[in-house]
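Below: one structure, written as C-alpha cells.
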Amino acid sequence: MNGIDVREAIARAHREEWARVVASLTRRFGDLDIAEEAAAEAFAAAVQRWPADGVPPNPGAWLTTTANRQAIDRIRRESKRDDKHRRAQVFHDDPPESPGAIDDDRLRLIFTCCHPALATETRVALTLRMVAGLTMPEIARAFLVAESAMGQRITRAKAKIKAARIPYRVPSAEDLPARVSGVLAVLYLVFNEGYLATGPDTDPVRHELTGEAIRLARLIRALLPDDGEVAGLLALMLLIEARRPARISAGGELVALGEQDRGAWSAELIAEGHRLVRERLAAAATGVAPGRYQILAAINAVHTSARDMRDTDWSQVLALYDQLVRLDPSPIVALNRAIAVAEIDGPEVALAAVDRLGPGLAGYHAYHATRADLLRRLGRGQEARAAYDRAIDLAGNTAETASLTRRRDQLLP
C-alpha cells in the first residue's frame, strides 16, 4: 500500500471511527477531555505508524486499543490520578440501562453533550466536535462565529460537564421528551454539514455525516415513536438525502434543485419520507400543531412530489413557509421564503424582501448567492457580479464555489 492509500485509509478511519472511539473512552473513563485527547493521540499514532507497519485489518479496534492505552498513561501521569480513577470507576460501574433501552455508546454521548445544563448552541457545538468529529474551523463556520470563540465555548462546556458530573447515559423515560429537542438540533446541524460541507479541504458532500445523522435519528425515533418532531426531522433528512445522487455534477459543481436529474433521486428514501409526512399530516388534522421540522419536511415533500421544477406547487411551498415563519422568524427562514416568493410574485418583489435581511445576513454566503440570482434574473448584471463575488468569498463548499463561479462568469459584460 503506497503513501496515498495509507493517508486515505487514515482519513476514512477518522470519518468512520472517531465517534466510536470517543464514545467508548467516555463510557470507560467518564471524562470528555481524556476521551477526546486520547482519541486524537491515537489518530496521530496512526499517522506515524501505519505508513511503516501497514493499515491494520480492523482500524477501529486498533484505534480504540491505542486510545485506551493513551488515556491510561495520561491518568497515571496526572497528579490527581486517584480522584480520576475513582471518578472513572463511578462512570464505569453505573447501573445497567433498563430493559429495552437502546445500547449505543454514541447515543449516550449525544445525550451527555446535549444536557440541559448547557446552552443550546453549546450542546450542538460540543456534539459536533465529540460525536461527529468536525474540526473547530468547520464548527465555527456552521455557527458563523470566530474559531477562537468556538474553541472557548467547547472548552467551557466540557468543564461544566465534568464539574456537574453529568451522567453518561440515555435519560430516563420521564426525562426523555424534554431532552430530545436539543438532540434534534444537533442532528440537524450534523446533517447539514454533511449535506453541504463547509470545509474547503473536505468532500463537498459528506455522506458519512448525513448517514450518521439519519442513523441516530432512527434510534431516537425508536425511543420516541410518537414524537412528531422526531418523525419530522427523520422525514426531512430522508427527503434531502434522496436527492444526493443528483446534487454534484460530473465536473464537481453543485447542481441546483431545478437542474437536477430527478430520475437519479432515491425513490425508496422519498417513499419513506412521504409516508412519515403523511403520518404527521394526519396527526395535525386531529389538532396537533406541527413543529419546525415537520413543516420543513412538508416543504421538501412538495419539492420531491414534482416530476419537474415547473410542476412544483409554489403556492403550497409559500403557505408552508408562512407557517414556519410564525414558529421560527429567523432571517434564514425569511431568506428561503423569498425564493418561493420569486416564483410566485417575481424576482423584483423577492429582491426587496431579501434586501431587508441584509443587516442580519451580511456574512452568510447564501444571502449573497440568492441576491445574485435575483439580480441576474432582473438583468442587473454588474450588481449580480458583485453579489456573486461576495458569495464566492464566503462560501466554503468547493462544489458550491464552482457553481457560483460559473454563474458569475456567464453574466454578460
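Letters A, B, ... go to the chains of the C-alpha cells in the order shown; residues in each chain start at 1; ligands are counted from 1 in the same order.
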ask   = Contacts of A:Asp393 at 12 Å or less, counting only C-alpha atoms, minus same-chain residues fewer than 2 places along, as a count of residues only?
value = 22
Report as CSV the residues of stretch 212-321 of chain A within 8 Å of stretch 185-199 of chain A, each with its shortest atom pair and distance in Å (one decimal), using only C-alpha atoms, ordered by chain and increasing residue number.
```
residue,atom,partner,partner_atom,distance
A:Glu212,CA,A:Phe191,CA,8.0
A:Ala213,CA,A:Leu187,CA,5.3
A:Ile214,CA,A:Phe191,CA,7.7
A:Leu216,CA,A:Leu187,CA,7.7
A:Ala217,CA,A:Leu187,CA,7.2
A:Leu233,CA,A:Tyr188,CA,7.5
A:Met237,CA,A:Phe191,CA,7.4
A:Glu241,CA,A:Tyr195,CA,7.7
A:Arg244,CA,A:Tyr195,CA,7.9
```
Store the residues picked out above in a file with C-alpha atoms, as an mmCIF file, in the first residue's frame.
```cif
data_model
loop_
_atom_site.group_PDB
_atom_site.id
_atom_site.type_symbol
_atom_site.label_atom_id
_atom_site.label_comp_id
_atom_site.auth_asym_id
_atom_site.auth_seq_id
_atom_site.Cartn_x
_atom_site.Cartn_y
_atom_site.Cartn_z
ATOM 1 C CA GLU A 212 -24.763 9.106 10.827
ATOM 2 C CA ALA A 213 -27.389 11.786 11.454
ATOM 3 C CA ILE A 214 -30.068 9.608 9.832
ATOM 4 C CA LEU A 216 -29.143 8.366 15.100
ATOM 5 C CA ALA A 217 -32.482 9.931 14.161
ATOM 6 C CA LEU A 233 -36.671 15.530 11.298
ATOM 7 C CA MET A 237 -33.336 14.178 6.304
ATOM 8 C CA GLU A 241 -30.688 12.670 1.275
ATOM 9 C CA ARG A 244 -27.873 13.479 -3.029
#
```
Determine, counting only C-alpha atoms, which protein, DNA and RNA residues have an atom within 6 Å of an atom of stretch 13-27 of chain A; residues of the same chain fewer than 6 positions away are not included. Present the result as a PDB file with C-alpha atoms, in the first residue's frame.
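Printed below is result-v1.pdb as written:
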```pdb
ATOM      1  CA  ALA A  35     -11.586  10.769  25.641  1.00  0.00           C
ATOM      2  CA  GLU A  36     -11.025  13.471  23.026  1.00  0.00           C
ATOM      3  CA  GLY A  60     -11.364   0.833  14.595  1.00  0.00           C
ATOM      4  CA  THR A  64      -9.674   2.120  20.310  1.00  0.00           C
ATOM      5  CA  ASP A 105     -22.467   4.464  23.099  1.00  0.00           C
ATOM      6  CA  ARG A 106     -22.756   7.255  20.552  1.00  0.00           C
ATOM      7  CA  LEU A 109     -22.596  10.527  24.180  1.00  0.00           C
ATOM      8  CA  VAL A 131     -19.592  12.801  18.193  1.00  0.00           C
TER       9      VAL A 131
END
```
message = Which residues are close to A:Val230, i.e. within 9 Å by only C-alpha atoms, leaving aside same-chain residues fewer than 3 positions away? Reply as an NGL selection string.
response = :A and (180-181 or 184 or 217-218 or 220-221 or 224-227 or 233-235 or 293-294)
query = Could you name the residues that touch stretch 259-266 of chain A at 6 Å or less, counting only C-alpha atoms, but leaving out those on the same chain fewer than 4 positions away, as a list in words?
reply =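 Here the qualifying residues turn out to be Ala242, Arg243 and Ala246 of chain A.
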Write the residues of the selection above to a file with C-alpha atoms, as a PDB file, in the first residue's frame.
```pdb
ATOM      1  CA  ALA A 242     -32.806  11.190  -1.538  1.00  0.00           C
ATOM      2  CA  ARG A 243     -31.563  13.975  -3.821  1.00  0.00           C
ATOM      3  CA  ALA A 246     -28.046  14.340  -8.351  1.00  0.00           C
TER       4      ALA A 246
END
```
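Omitting A:Arg380 and its sequence neighbours fewer than 4 positions away, and counting only C-alpha atoms, the residues within 12 Å are Pro347, Glu348, Leu351, Arg371, Ala372, Asp373, Leu374, Leu375, Arg376, Ala384, Arg385, Ala386, Ala387, Leu411, Leu412 and Pro413 of chain A.
Proximity to A:Tyr367 at 9 Å, evaluated using only C-alpha atoms and with sequence-adjacent residues fewer than 5 positions away removed, yields Ile332, Leu335, Val354, Leu357, Gly358, Leu361, Ala362, Ala372 and Ala391 of chain A.
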Write the residues you've just listed into a file as an mmCIF file, in the first residue's frame, and include N, CA and C atoms for each of them.
```cif
data_model
loop_
_atom_site.group_PDB
_atom_site.id
_atom_site.type_symbol
_atom_site.label_atom_id
_atom_site.label_comp_id
_atom_site.auth_asym_id
_atom_site.auth_seq_id
_atom_site.Cartn_x
_atom_site.Cartn_y
_atom_site.Cartn_z
ATOM 1 N N ILE A 332 -32.777 33.438 8.150
ATOM 2 C CA ILE A 332 -32.525 32.373 7.177
ATOM 3 C C ILE A 332 -33.834 31.790 6.668
ATOM 4 N N LEU A 335 -35.175 34.222 4.269
ATOM 5 C CA LEU A 335 -34.437 34.157 3.002
ATOM 6 C C LEU A 335 -34.969 33.032 2.127
ATOM 7 N N VAL A 354 -35.429 40.229 0.250
ATOM 8 C CA VAL A 354 -34.081 39.781 0.583
ATOM 9 C C VAL A 354 -33.232 40.943 1.072
ATOM 10 N N LEU A 357 -33.116 41.822 4.637
ATOM 11 C CA LEU A 357 -32.446 40.886 5.533
ATOM 12 C C LEU A 357 -30.943 41.141 5.621
ATOM 13 N N GLY A 358 -30.448 42.086 4.838
ATOM 14 C CA GLY A 358 -29.011 42.316 4.738
ATOM 15 C C GLY A 358 -28.284 42.506 6.055
ATOM 16 N N LEU A 361 -27.631 39.130 7.743
ATOM 17 C CA LEU A 361 -27.052 38.029 6.974
ATOM 18 C C LEU A 361 -25.863 38.455 6.124
ATOM 19 N N ALA A 362 -25.231 39.558 6.476
ATOM 20 C CA ALA A 362 -24.144 40.079 5.644
ATOM 21 C C ALA A 362 -22.983 39.101 5.525
ATOM 22 N N ALA A 372 -27.640 37.493 -5.853
ATOM 23 C CA ALA A 372 -27.004 37.441 -7.175
ATOM 24 C C ALA A 372 -27.947 36.815 -8.203
ATOM 25 N N ALA A 391 -20.473 36.160 -2.506
ATOM 26 C CA ALA A 391 -20.882 34.797 -2.161
ATOM 27 C C ALA A 391 -19.720 33.827 -2.307
#
```
key: In stretch 78-290 of chain A, DSSP helix (DSSP H, G or I) residues written as a PyMOL selection string   = chain A and resi 81-92+105-113+120-130+136-143+147-164+176-195+207-223+228-241+244-246+257-259+262-264+267-285
Between atom CA of A:Ile392 and atom CA of A:Gly346 - distance in Å to one decimal =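 The value is 24.8 Å.
Minimum distance to A:Leu254 across A:Ala301, A:Val205, A:Met130, A:Ala338 (counting only C-alpha atoms) occurs at A:Val205.
Distances from A:Leu134, A:Val183, A:Ile154, A:Ala125 to A:Phe111 were compared using only C-alpha atoms, and the smallest one belongs to A:Val183.
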